[in-house]
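Below you'll find the structure, written out as structure tokens, and then a few comments.
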Amino acid sequence: MRASITGGDALIVVDVQSDFTPGGALAAPDGDKVVPPLNEYITHFHRAELPIAASRDWHPEDHMSFEGEGGPWPPHCLQGSQGAEYHPDLELPADTHHVKKGRDADEEDYSAFEGGPDLDAFLQDNDVERVFVGGLTTEYCVKNTAQDALDHGYDVFLLMDAFKPVDPDDGEQAIAHLLEQGAIGLTFDDLVL
Ligand SMILES: [Zn+2]
């Protein structure tokens, strides 16, 4: 579907971190491929002076999601580590709202809405009604962020050319589930610039 970006729109870039891209501790296959399209969206939103938020996993060494603590994942995105940094080619503007999540050992926080500083408050302060969501990984943090956005009453656009799954089948299911609930899929070519 064609969409114009206007006042009331915001971009949410989910977890585009070194550890989720090839060479990282918990890499999504082709995870780095989301960076060029996301940079296009970022440029477009920034030029239009629209708000941009970006989230990061930011875990302590004993985080509940790590295998050593009984969780499903290898250690990743350790606070202050290189792997927790944004992918080096991601071009976020200086006024990006940065969200850190999973900061406490006993909180998973797949959704950017569960991190801080508070994403929902940032969106409300900017009179946002529609959010455009992309990043890593499709079936975990993108899905949960988009779901929370729907639950908070935002219109949600999924950037179909700007997320990657850990598992392709799970990624497809996650997207199908979000579309069923009213999220709208689009690609950069669908934007009326
Ligand atoms: Zn994590």
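By convention here, the chains of the structure tokens are called A, B, ... in the order presented, each chain's residues are numbered starting at 1, and ligands are numbered starting at 1 in the order presented.
Taking stretch 14-111 of chain A and asking which residues DSSP calls alpha helix (DSSP H) on the backbone, you get A:Val35, A:Pro36, A:Pro37, A:Leu38, A:Asn39, A:Glu40, A:Tyr41, A:Ile42, A:Thr43, A:His44, A:Phe45, A:His46, A:Arg47.
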Against ligand 1, which residues of chain A fall within 8 Å? For each one I want the closest pair of atoms and the distance in Å (one decimal), counting only C-alpha atoms and all ligand atoms, rows by chain and increasing residue number, as a tab-separated table.
```
residue	atom	partner	partner_atom_place_in_ligand_line	distance
A:Asp57	CA	ligand 1	1 (Zn)	5.2
A:Trp58	CA	ligand 1	1 (Zn)	7.3
A:His59	CA	ligand 1	1 (Zn)	6.7
A:Ser65	CA	ligand 1	1 (Zn)	6.6
A:Trp73	CA	ligand 1	1 (Zn)	7.7
A:His76	CA	ligand 1	1 (Zn)	6.3
A:Cys77	CA	ligand 1	1 (Zn)	6.6
A:Gly102	CA	ligand 1	1 (Zn)	6.6
A:Glu108	CA	ligand 1	1 (Zn)	6.9
A:Asp109	CA	ligand 1	1 (Zn)	7.7
A:Tyr110	CA	ligand 1	1 (Zn)	7.1
```
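Every protein, DNA or RNA residue with an atom at most 9 Å from stretch 20-33 of chain A, where only C-alpha atoms count and chain neighbours fewer than 5 positions away do not, is listed here: Asp15, Trp73, Pro74, Pro75, His76, Cys77, Gly83, Ala84, His87, Asp89, Gly135, Leu136, Thr137, Ala162, Phe163, Lys164, Pro165, Val166 and Asp167 of chain A.
Atom pair atom CA of A:Thr43 / atom CA of A:Arg130 has a distance of 17.7 Å (rounded to one decimal).
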- Message: Using only C-alpha atoms, which protein or nucleic acid residues come within 12 Å of A:His177? Drop anything in the same chain fewer than 6 positions from it, and give the result as a list of chain:residue names.
- Response: A:Thr138, A:Glu139, A:Lys143, A:Asn144, A:Ala146, A:Gln147, A:Leu150, A:Leu158, A:Asp170, A:Gly171, A:Ala183, A:Ile184, A:Gly185
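One finds atom CA of A:Pro72 at 13.9 Å from atom CA of A:Glu107.
Residue nearest A:Gln17 within the list A:Tyr86, A:Phe113, A:Tyr41, A:Phe122: A:Tyr86 [criterion: smallest interatomic distance, only C-alpha atoms].
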